[in-house]
file my_file34.csv (CSV, C-alpha atoms and all ligand atoms)
chain,number,residue,atom,x,y,z
R,1,ALA,CA,136.7,69.4,72.7
R,2,ASP,CA,136.0,69.6,76.4
R,3,ALA,CA,136.3,65.9,76.8
R,4,ASP,CA,139.5,66.0,74.8
R,5,THR,CA,141.0,68.7,77.1
R,6,ALA,CA,140.0,66.6,80.1
R,7,ASP,CA,141.7,63.5,78.6
R,8,GLU,CA,144.8,65.5,77.8
R,9,ALA,CA,145.1,66.4,81.5
R,10,VAL,CA,144.8,62.7,82.3
R,11,ARG,CA,147.5,61.8,79.8
R,12,ALA,CA,149.8,64.3,81.4
R,13,THR,CA,149.6,62.5,84.7
R,14,CYS,CA,152.1,59.8,83.5
R,15,ASP,CA,154.8,62.5,83.5
R,16,ASP,CA,154.1,63.3,87.2
R,17,ALA,CA,154.6,59.6,88.0
R,18,THR,CA,157.7,59.4,85.9
R,19,THR,CA,159.4,62.5,87.3
R,20,CYS,CA,158.7,61.5,90.9
R,21,LYS,CA,160.1,58.0,90.3
R,22,ARG,CA,163.1,59.6,88.5
R,23,PHE,CA,163.8,61.8,91.5
R,24,ALA,CA,163.4,59.0,94.0
R,25,THR,CA,165.7,56.7,92.1
R,26,SER,CA,168.3,59.5,91.8
R,27,LYS,CA,168.4,59.6,95.6
R,28,GLY,CA,168.9,55.8,95.8
R,29,TYR,CA,165.4,54.7,97.0
R,30,TRP,CA,165.5,51.9,94.4
R,31,LYS,CA,167.3,51.1,91.2
R,32,ASP,CA,165.8,51.7,87.7
R,33,SER,CA,168.4,51.8,85.0
R,34,SER,CA,166.0,52.6,82.1
R,35,LEU,CA,164.0,55.5,83.6
R,36,GLN,CA,166.7,58.0,82.6
R,37,TYR,CA,165.9,57.3,79.0
R,38,PHE,CA,162.3,58.5,79.4
R,39,VAL,CA,163.1,61.6,81.6
R,40,ARG,CA,166.6,62.8,81.1
R,41,SER,CA,166.9,65.4,83.9
R,42,VAL,CA,166.3,64.6,87.6
R,43,GLY,CA,164.1,67.7,88.0
R,44,GLU,CA,163.2,69.6,91.0
R,45,ARG,CA,163.5,68.2,94.5
R,46,LYS,CA,160.6,66.2,95.9
R,47,ALA,CA,159.8,66.1,99.6
R,48,PRO,CA,161.1,63.0,101.5
R,49,GLU,CA,157.6,61.8,102.3
R,50,ILE,CA,156.8,61.8,98.6
R,51,ASN,CA,159.9,59.7,97.8
R,52,ARG,CA,159.0,57.2,100.6
R,53,GLY,CA,155.4,57.1,99.2
R,54,TYR,CA,156.7,56.2,95.7
R,55,TYR,CA,159.1,53.7,97.3
R,56,ALA,CA,156.3,51.9,99.0
R,57,ARG,CA,154.2,52.0,95.8
R,58,VAL,CA,156.9,50.6,93.6
R,59,GLN,CA,158.1,48.0,96.0
R,60,GLY,CA,154.6,46.9,97.1
R,61,VAL,CA,153.4,46.4,93.5
R,62,ASN,CA,156.7,44.7,92.5
R,63,LEU,CA,156.5,42.3,95.4
R,64,LEU,CA,153.1,41.0,94.3
R,65,LEU,CA,154.0,41.0,90.6
R,66,ASP,CA,157.2,39.0,91.3
R,67,ALA,CA,155.3,36.6,93.5
R,68,PHE,CA,152.9,36.0,90.6
R,69,LEU,CA,155.7,35.5,88.1
R,70,LYS,CA,157.3,33.0,90.5
R,71,LYS,CA,154.1,31.1,91.2
R,72,THR,CA,153.4,30.7,87.5
R,73,GLN,CA,157.1,30.2,86.7
R,74,GLY,CA,156.8,32.8,84.0
R,75,HIS,CA,154.2,30.7,82.2
R,76,CYS,CA,151.9,33.7,82.1
R,77,GLN,CA,151.2,37.1,80.6
R,78,VAL,CA,151.1,40.5,82.2
R,79,ILE,CA,148.8,43.4,81.1
R,80,ASN,CA,149.7,46.8,82.4
R,81,LEU,CA,146.6,49.0,82.0
R,82,GLY,CA,147.4,52.7,81.7
R,83,ALA,CA,151.1,51.9,81.8
R,84,GLY,CA,152.3,55.4,80.9
R,85,LEU,CA,156.2,55.3,80.8
R,86,ASP,CA,156.4,52.3,83.2
R,87,THR,CA,159.8,50.5,83.0
R,88,THR,CA,158.7,47.1,84.3
R,89,PHE,CA,159.6,45.4,81.0
R,90,TRP,CA,163.3,46.4,81.3
R,91,ARG,CA,163.5,45.4,84.9
R,92,LEU,CA,162.1,42.0,84.3
R,93,GLN,CA,164.3,41.5,81.2
R,94,GLU,CA,167.4,42.4,83.2
R,95,GLU,CA,166.4,40.1,86.1
R,96,ASN,CA,165.5,37.3,83.7
R,97,LEU,CA,161.9,37.2,85.0
R,98,LEU,CA,159.9,38.1,81.9
R,99,PRO,CA,156.5,36.5,81.4
R,100,ARG,CA,155.7,34.9,78.1
R,101,LYS,CA,154.4,38.3,77.0
R,102,LEU,CA,154.0,41.7,78.6
R,103,PHE,CA,151.3,44.0,77.2
R,104,GLU,CA,151.0,47.6,77.9
R,105,VAL,CA,148.0,49.8,77.1
R,106,ASP,CA,147.6,53.6,77.3
R,107,PHE,CA,146.1,56.3,75.2
R,108,PRO,CA,147.6,56.4,71.6
R,109,THR,CA,149.4,59.7,72.1
R,110,VAL,CA,151.1,58.4,75.3
R,111,VAL,CA,152.0,55.2,73.5
R,112,ALA,CA,153.4,57.2,70.5
R,113,ARG,CA,155.7,59.1,72.9
R,114,LYS,CA,156.9,55.9,74.6
R,115,ILE,CA,157.6,54.2,71.3
R,116,HIS,CA,159.5,57.2,70.1
R,117,HIS,CA,161.8,56.9,73.1
R,118,ILE,CA,162.3,53.2,72.4
R,119,LYS,CA,163.0,53.7,68.7
R,120,THR,CA,165.7,56.4,69.3
R,121,LYS,CA,167.4,54.9,72.4
R,122,PRO,CA,169.4,51.6,71.9
R,123,PRO,CA,169.4,50.9,75.7
R,124,LEU,CA,165.6,50.7,75.5
R,125,SER,CA,165.3,48.9,72.1
R,126,LYS,CA,168.2,46.4,72.5
R,127,PRO,CA,166.6,44.4,75.3
R,128,ILE,CA,163.4,44.0,73.3
R,129,ILE,CA,165.3,42.8,70.2
R,130,ASP,CA,167.5,40.5,72.4
R,131,VAL,CA,164.5,38.4,73.4
R,132,HIS,CA,162.8,38.5,70.0
R,133,SER,CA,163.3,35.5,67.8
R,134,THR,CA,162.1,36.3,64.3
R,135,ASP,CA,162.5,39.3,62.0
R,136,SER,CA,158.9,40.3,62.3
R,137,LEU,CA,159.3,42.9,65.0
R,138,LEU,CA,156.5,45.5,64.5
R,139,LEU,CA,157.6,49.0,65.4
R,140,GLU,CA,155.2,51.7,64.2
R,141,SER,CA,154.4,55.0,65.6
R,142,HIS,CA,151.4,53.8,67.6
R,143,VAL,CA,152.1,50.1,68.2
R,144,LEU,CA,155.0,48.0,69.1
R,145,ASP,CA,154.8,44.2,68.9
R,146,SER,CA,157.5,41.7,69.6
R,147,ASP,CA,157.6,38.2,71.0
R,148,ARG,CA,157.8,39.3,74.6
R,149,PHE,CA,156.6,42.9,74.7
R,150,CYS,CA,153.7,44.7,73.1
R,151,ILE,CA,152.5,48.3,73.5
R,152,ILE,CA,149.0,49.1,72.3
R,153,GLY,CA,147.2,52.5,72.1
R,154,ALA,CA,143.6,52.1,73.3
R,155,ASP,CA,141.0,53.8,75.5
R,156,LEU,CA,140.4,51.7,78.6
R,157,ARG,CA,136.8,53.0,78.7
R,158,ASP,CA,136.1,51.2,75.5
R,159,VAL,CA,136.3,47.6,76.6
R,160,PRO,CA,135.3,45.8,73.3
R,161,GLY,CA,137.9,47.9,71.5
R,162,LEU,CA,140.5,46.9,74.1
R,163,ASP,CA,139.6,43.2,73.9
R,164,GLU,CA,139.8,43.3,70.1
R,165,LYS,CA,143.2,45.0,70.1
R,166,LEU,CA,144.8,42.7,72.7
R,167,ARG,CA,143.6,39.6,70.8
R,168,ARG,CA,145.0,40.9,67.6
R,169,PHE,CA,148.4,40.8,69.3
R,170,GLN,CA,148.1,37.3,70.5
R,171,LEU,CA,146.6,37.7,73.9
R,172,ASP,CA,146.0,34.2,75.2
R,173,PRO,CA,142.9,34.0,77.5
R,174,GLU,CA,144.0,30.4,78.5
R,175,LEU,CA,147.3,31.6,80.0
R,176,PRO,CA,147.5,32.7,83.7
R,177,THR,CA,147.3,36.5,83.5
R,178,LEU,CA,148.3,39.4,85.7
R,179,LEU,CA,146.5,42.7,85.2
R,180,LEU,CA,148.0,45.8,86.7
R,181,SER,CA,146.6,49.3,87.1
R,182,GLU,CA,148.6,51.8,89.0
R,183,CYS,CA,146.8,55.1,89.6
R,184,VAL,CA,144.6,54.6,86.6
R,185,LEU,CA,141.1,53.5,87.6
R,186,VAL,CA,140.6,56.7,89.5
R,187,TYR,CA,140.5,58.6,86.1
R,188,MET,CA,137.4,56.7,85.1
R,189,SER,CA,133.8,56.7,86.3
R,190,PRO,CA,132.9,53.9,88.7
R,191,ALA,CA,130.8,52.3,85.9
R,192,GLN,CA,133.7,52.4,83.5
R,193,SER,CA,136.3,50.9,85.9
R,194,SER,CA,133.8,48.3,87.0
R,195,SER,CA,133.2,47.2,83.4
R,196,LEU,CA,137.0,46.9,82.9
R,197,VAL,CA,137.4,44.8,86.0
R,198,HIS,CA,134.4,42.7,85.0
R,199,TRP,CA,135.8,42.2,81.5
R,200,ALA,CA,139.0,40.9,83.1
R,201,ALA,CA,137.1,38.5,85.3
R,202,GLN,CA,135.1,37.2,82.3
R,203,THR,CA,138.1,36.8,80.0
R,204,PHE,CA,140.6,35.0,82.2
R,205,HIS,CA,139.9,31.9,84.3
R,206,THR,CA,143.2,32.1,86.1
R,207,ALA,CA,144.3,35.6,86.9
R,208,MET,CA,145.3,38.2,89.4
R,209,PHE,CA,144.5,41.9,89.3
R,210,ILE,CA,146.6,44.4,91.2
R,211,ASN,CA,145.2,47.9,91.6
R,212,TYR,CA,147.0,50.8,93.3
R,213,GLU,CA,145.1,54.0,94.1
R,214,GLN,CA,143.7,56.5,96.5
R,215,VAL,CA,141.5,55.4,99.4
R,216,ASN,CA,139.9,56.7,102.6
R,217,MET,CA,139.2,60.0,101.0
R,218,SER,CA,136.3,61.2,103.2
R,219,ASP,CA,138.4,62.9,105.9
R,220,ARG,CA,139.9,66.4,105.7
R,221,PHE,CA,143.3,65.2,104.3
R,222,GLY,CA,141.4,63.1,101.6
R,223,GLN,CA,139.3,66.1,100.7
R,224,VAL,CA,142.4,68.2,100.0
R,225,MET,CA,143.9,65.3,97.9
R,226,ILE,CA,140.7,65.2,95.9
R,227,GLU,CA,140.7,69.0,95.4
R,228,ASN,CA,144.3,68.8,94.1
R,229,LEU,CA,143.4,66.0,91.7
R,230,GLN,CA,140.4,67.9,90.4
R,231,ARG,CA,142.4,71.1,90.0
R,232,ARG,CA,144.8,69.2,87.7
R,233,CYS,CA,142.1,67.1,86.0
R,234,CYS,CA,138.7,68.6,85.6
R,235,ALA,CA,137.6,65.2,84.3
R,236,LEU,CA,137.6,64.1,87.9
R,237,ALA,CA,134.9,66.6,89.0
R,238,GLY,CA,132.2,64.0,89.3
R,239,VAL,CA,134.2,61.0,90.1
R,240,GLU,CA,133.5,59.0,93.2
R,241,LEU,CA,136.6,57.4,94.6
R,242,CYS,CA,136.4,54.1,96.3
R,243,GLN,CA,135.9,55.3,99.9
R,244,SER,CA,137.2,52.4,101.9
R,245,LEU,CA,139.3,49.3,101.7
R,246,ASP,CA,136.1,47.3,101.8
R,247,SER,CA,134.7,49.2,98.8
R,248,GLN,CA,138.0,48.5,96.9
R,249,LYS,CA,137.5,44.8,97.5
R,250,GLU,CA,133.8,45.0,96.7
R,251,ARG,CA,134.5,46.4,93.2
R,252,PHE,CA,136.3,43.2,92.4
R,253,LEU,CA,134.0,40.7,94.2
R,254,ARG,CA,130.9,42.2,92.5
R,255,ALA,CA,132.6,42.0,89.1
R,256,GLY,CA,133.2,38.2,89.3
R,257,TRP,CA,136.6,37.8,91.1
R,258,ASP,CA,136.7,35.0,93.6
R,259,GLN,CA,138.8,36.6,96.3
R,260,ALA,CA,140.1,40.1,97.0
R,261,ASN,CA,142.4,41.7,99.5
R,262,ALA,CA,143.2,45.4,100.2
R,263,LEU,CA,145.8,47.0,102.4
R,264,ASP,CA,146.5,50.7,102.9
R,265,MET,CA,150.1,51.7,102.1
R,266,MET,CA,150.9,52.2,105.8
R,267,ALA,CA,150.3,48.4,106.2
R,268,VAL,CA,152.2,47.6,103.0
R,269,TYR,CA,155.1,49.7,104.2
R,270,SER,CA,155.3,47.7,107.4
R,271,PHE,CA,155.3,44.4,105.4
R,272,LEU,CA,158.1,45.4,103.1
R,273,PRO,CA,161.6,43.9,103.8
R,274,GLN,CA,162.6,45.9,106.9
R,275,ASP,CA,166.3,45.9,106.2
R,276,ASP,CA,165.7,47.7,102.9
R,277,VAL,CA,163.1,50.0,104.6
R,278,ALA,CA,165.8,50.9,107.2
R,279,ARG,CA,168.2,51.6,104.4
R,280,ILE,CA,165.9,54.1,102.6
R,281,GLU,CA,164.9,55.7,105.9
R,282,ARG,CA,168.5,56.8,106.3
R,283,LEU,CA,168.7,58.4,102.9
R,284,GLU,CA,166.9,61.6,103.8
R,285,PHE,CA,165.9,63.1,107.1
R,286,LEU,CA,162.1,63.1,107.5
R,287,ASP,CA,160.9,65.8,109.8
R,288,GLU,CA,157.2,65.1,109.7
R,289,LYS,CA,156.5,61.5,110.4
R,290,GLU,CA,152.8,62.2,110.7
R,291,LEU,CA,152.6,63.6,107.2
R,292,LEU,CA,154.1,60.4,105.8
R,293,GLN,CA,151.6,58.3,107.8
R,294,GLN,CA,148.7,60.4,106.6
R,295,LEU,CA,149.9,60.1,103.0
R,296,LEU,CA,150.3,56.3,103.2
R,297,GLN,CA,146.9,55.9,104.8
R,298,HIS,CA,145.3,57.5,101.8
R,299,TYR,CA,146.6,55.1,99.2
R,300,CYS,CA,146.1,51.3,99.0
R,301,ILE,CA,146.9,48.2,97.0
R,302,CYS,CA,144.0,46.0,96.3
R,303,TRP,CA,144.5,42.6,94.7
R,304,ALA,CA,142.0,40.0,93.5
R,305,THR,CA,142.3,36.5,92.2
R,306,LYS,CA,140.5,33.7,90.2
R,307,ASP,CA,142.2,30.4,90.1
R,308,ARG,CA,140.7,27.6,88.0
R,309,LEU,CA,144.1,26.0,87.5
R,310,ASN,CA,144.6,25.9,91.3
R,311,LEU,CA,148.0,27.4,91.2
R,312,GLY,CA,147.5,28.8,94.7
R,313,LEU,CA,147.1,32.4,93.6
R,314,SER,CA,144.9,33.2,96.6
R,315,GLN,CA,147.9,32.7,98.9
R,316,LEU,CA,149.8,35.5,97.2
R,317,ALA,CA,150.2,38.3,99.8
R,318,PHE,CA,152.8,40.4,101.7
R,401,LIG,N1,150.7,53.4,85.6
R,401,LIG,C1,151.7,54.4,85.3
R,401,LIG,C2,152.6,54.6,86.5
R,401,LIG,O1,152.2,54.2,87.6
R,401,LIG,O2,153.7,55.1,86.4
R,401,LIG,C3,151.1,55.7,84.9
R,401,LIG,C4,150.2,56.3,85.9
R,401,LIG,S1,149.5,57.8,85.3
R,401,LIG,C5,149.0,58.6,86.9
R,401,LIG,C6,147.9,57.3,84.6
R,401,LIG,C7,148.0,56.8,83.3
R,401,LIG,O3,146.8,56.2,82.9
R,401,LIG,C8,148.3,57.8,82.2
R,401,LIG,O4,149.4,57.3,81.4
R,401,LIG,C9,147.0,57.9,81.4
R,401,LIG,O5,147.2,58.2,80.0
R,401,LIG,C10,146.5,56.5,81.6
R,401,LIG,N2,145.0,56.4,81.4
R,401,LIG,C11,144.1,57.0,82.1
R,401,LIG,N3,142.8,56.8,81.6
R,401,LIG,C12,143.0,56.1,80.5
R,401,LIG,C13,142.1,55.5,79.5
R,401,LIG,N4,140.8,55.8,79.6
R,401,LIG,N5,142.6,54.8,78.5
R,401,LIG,C14,144.0,54.6,78.4
R,401,LIG,N6,144.9,55.1,79.3
R,401,LIG,C15,144.4,55.8,80.3

call {"tool": "encode", "arguments": {"input": "my_file34.csv", "output": "structure tokens", "more": "lines below"}}
Ligand code: SAM
result
Amino acid sequence: ADADTADEAVRATCDDATTCKRFATSKGYWKDSSLQYFVRSVGERKAPEINRGYYARVQGVNLLLDAFLKKTQGHCQVINLGAGLDTTFWRLQEENLLPRKLFEVDFPTVVARKIHHIKTKPPLSKPIIDVHSTDSLLLESHVLDSDRFCIIGADLRDVPGLDEKLRRFQLDPELPTLLLSECVLVYMSPAQSSSLVHWAAQTFHTAMFINYEQVNMSDRFGQVMIENLQRRCCALAGVELCQSLDSQKERFLRAGWDQANALDMMAVYSFLPQDDVARIERLEFLDEKELLQQLLQHYCICWATKDRLNLGLSQLAF
């Protein structure tokens, strides 16, 4: 029962991410036309530095994701691990950038909630149906499977179970594959996240893994972040976070990835298209520039590649 309570707190974190994204998009930081169907109300105000942090996170991850889709010309699959209520499918469908198939994985109860939203809201279901060719669309309470989009309930700490479920829904290990984890690995033990990262390196010969999470947690600011995380998720009590950008890269290199990069979000922010950064910086007055810097220095994007097909994946960067 204790483990279940802990997992419940982890599952609830997807609502935090979604409400923060909902607020930032309502202010105009970026556009997301499907988010409103997952959280109707905009909710309480978030501080400007939080909105800018989410802007950097979403734009940073999308930049690498879109670069991968371009490099593979869509001849690829994407697996979003711990996707929560992520709306990438609808963005890519709208922009005509869909991979062959996009897989999402999360706990079965989170998946069931997401599928319920899709079932009851035509603006969410129509784009899925529009790119589906046969009449075999599977839409059950805990699984959605269509030609281009699949949502699976699974525990990422059970790697054999995950592998089996993905293959049941036509995962193709031969296809270039992008794996994405956004604020997810931090909820697992180092051994569990390593075995997931290791499974990915073993399963796909041509792949990229993008991971976004906390970093540089050993200073005072980092300690406060950890205490806040632990207060919300007692499961994190014993978790060791990757301490540095080097340890982020090491996790991938030790697990069989050929090449790895890591940047803190301060660096990512400086590499984003600066005309758009200038636009969002005018949206809200930011009093405490230092607070934003500190926040951005404590998150990072790490990306790793393997490239047997020599597509040039190691060149993908900001
Ligand atoms: N990636 C989404 C985003 O950025 O909007 C959601 C992030 S949320 C902070 C973390 C998500 O990871 C939650 O939806 C949670 O249920 C999922 N998650 C964490 N541990 C998991 C596990 N062991 N198996 C499946 N999902 C997990």

call {"tool": "residues_around", "arguments": {"input": "my_file34.csv", "residues": "R:Ser218", "least_positions_apart": "3", "cutoff": "8 Å", "atoms": "all atoms listed in the file", "output": "list in words"}}
result
Gly222, Gln223 and Gln243 of chain R

call {"tool": "residues_near_ligand", "arguments": {"input": "my_file34.csv", "ligand": "ligand LIG 401 (chain R)", "cutoff": "10 Å", "atoms": "all atoms listed in the file", "output": "JSON, numbers by chain"}}
result
{"R": [7, 8, 9, 10, 11, 12, 13, 14, 15, 16, 17, 18, 19, 20, 21, 54, 57, 58, 61, 80, 81, 82, 83, 84, 85, 86, 87, 88, 104, 105, 106, 107, 108, 109, 110, 111, 152, 153, 154, 155, 156, 157, 158, 159, 162, 180, 181, 182, 183, 184, 185, 186, 187, 188, 189, 192, 193, 211, 212, 213]}

call {"tool": "atom_distance", "arguments": {"input": "my_file34.csv", "atom1": "atom CA of R:Phe204", "atom2": "atom CA of R:Gln73"}}
result
17.8 Å

call {"tool": "atom_distance", "arguments": {"input": "my_file34.csv", "atom1": "atom CA of R:Tyr37", "atom2": "atom CA of R:Pro123"}}
result
8.0 Å

call {"tool": "atom_distance", "arguments": {"input": "my_file34.csv", "atom1": "atom CA of R:Val197", "atom2": "atom CA of R:Pro160"}}
result
12.9 Å

call {"tool": "decode", "arguments": {"input": "my_file34.csv", "residues": "stretch 5-60 of chain R", "atoms": "C-alpha atoms", "output": "mmCIF file, in the first residue's frame"}}
result
data_model
loop_
_atom_site.group_PDB
_atom_site.id
_atom_site.type_symbol
_atom_site.label_atom_id
_atom_site.label_comp_id
_atom_site.auth_asym_id
_atom_site.auth_seq_id
_atom_site.Cartn_x
_atom_site.Cartn_y
_atom_site.Cartn_z
ATOM 1 C CA THR R 5 0.624 5.727 -2.336
ATOM 2 C CA ALA R 6 4.095 6.738 -3.497
ATOM 3 C CA ASP R 7 3.240 5.867 -7.108
ATOM 4 C CA GLU R 8 0.010 7.842 -6.808
ATOM 5 C CA ALA R 9 2.026 10.949 -5.914
ATOM 6 C CA VAL R 10 4.235 10.322 -8.956
ATOM 7 C CA ARG R 11 1.186 9.940 -11.213
ATOM 8 C CA ALA R 12 -0.166 13.274 -9.928
ATOM 9 C CA THR R 13 2.957 15.078 -11.203
ATOM 10 C CA CYS R 14 1.595 15.016 -14.746
ATOM 11 C CA ASP R 15 -1.128 17.444 -13.636
ATOM 12 C CA ASP R 16 1.513 19.882 -12.372
ATOM 13 C CA ALA R 17 3.244 19.841 -15.732
ATOM 14 C CA THR R 18 -0.028 20.256 -17.621
ATOM 15 C CA THR R 19 -1.396 23.110 -15.497
ATOM 16 C CA CYS R 20 1.901 25.004 -15.753
ATOM 17 C CA LYS R 21 1.952 24.529 -19.532
ATOM 18 C CA ARG R 22 -1.698 25.579 -19.708
ATOM 19 C CA PHE R 23 -0.978 28.794 -17.832
ATOM 20 C CA ALA R 24 2.111 29.651 -19.906
ATOM 21 C CA THR R 25 0.251 29.083 -23.186
ATOM 22 C CA SER R 26 -2.651 31.224 -21.979
ATOM 23 C CA LYS R 27 -0.101 34.054 -21.589
ATOM 24 C CA GLY R 28 1.173 33.484 -25.128
ATOM 25 C CA TYR R 29 4.581 31.902 -24.425
ATOM 26 C CA TRP R 30 3.884 29.331 -27.125
ATOM 27 C CA LYS R 31 0.843 27.901 -28.923
ATOM 28 C CA ASP R 32 -0.836 24.636 -27.992
ATOM 29 C CA SER R 33 -4.341 24.236 -29.352
ATOM 30 C CA SER R 34 -5.110 20.858 -27.727
ATOM 31 C CA LEU R 35 -3.949 21.490 -24.150
ATOM 32 C CA GLN R 36 -7.301 23.172 -23.318
ATOM 33 C CA TYR R 37 -9.055 19.825 -23.804
ATOM 34 C CA PHE R 38 -6.982 18.223 -21.050
ATOM 35 C CA VAL R 39 -7.243 21.098 -18.553
ATOM 36 C CA ARG R 40 -10.176 23.340 -19.116
ATOM 37 C CA SER R 41 -9.443 26.213 -16.752
ATOM 38 C CA VAL R 42 -6.277 28.255 -16.882
ATOM 39 C CA GLY R 43 -5.840 27.987 -13.117
ATOM 40 C CA GLU R 44 -3.960 30.203 -10.755
ATOM 41 C CA ARG R 45 -1.194 32.514 -11.844
ATOM 42 C CA LYS R 46 2.352 31.174 -12.106
ATOM 43 C CA ALA R 47 5.419 33.329 -11.577
ATOM 44 C CA PRO R 48 7.100 34.688 -14.739
ATOM 45 C CA GLU R 49 10.290 32.681 -14.114
ATOM 46 C CA ILE R 50 8.231 29.465 -13.996
ATOM 47 C CA ASN R 51 6.615 30.364 -17.331
ATOM 48 C CA ARG R 52 9.985 31.108 -18.909
ATOM 49 C CA GLY R 53 11.349 27.850 -17.517
ATOM 50 C CA TYR R 54 8.513 25.891 -19.148
ATOM 51 C CA TYR R 55 9.025 27.856 -22.356
ATOM 52 C CA ALA R 56 12.711 26.832 -22.432
ATOM 53 C CA ARG R 57 11.792 23.204 -21.642
ATOM 54 C CA VAL R 58 9.122 22.891 -24.324
ATOM 55 C CA GLN R 59 11.026 24.789 -27.023
ATOM 56 C CA GLY R 60 14.308 23.036 -26.212
#
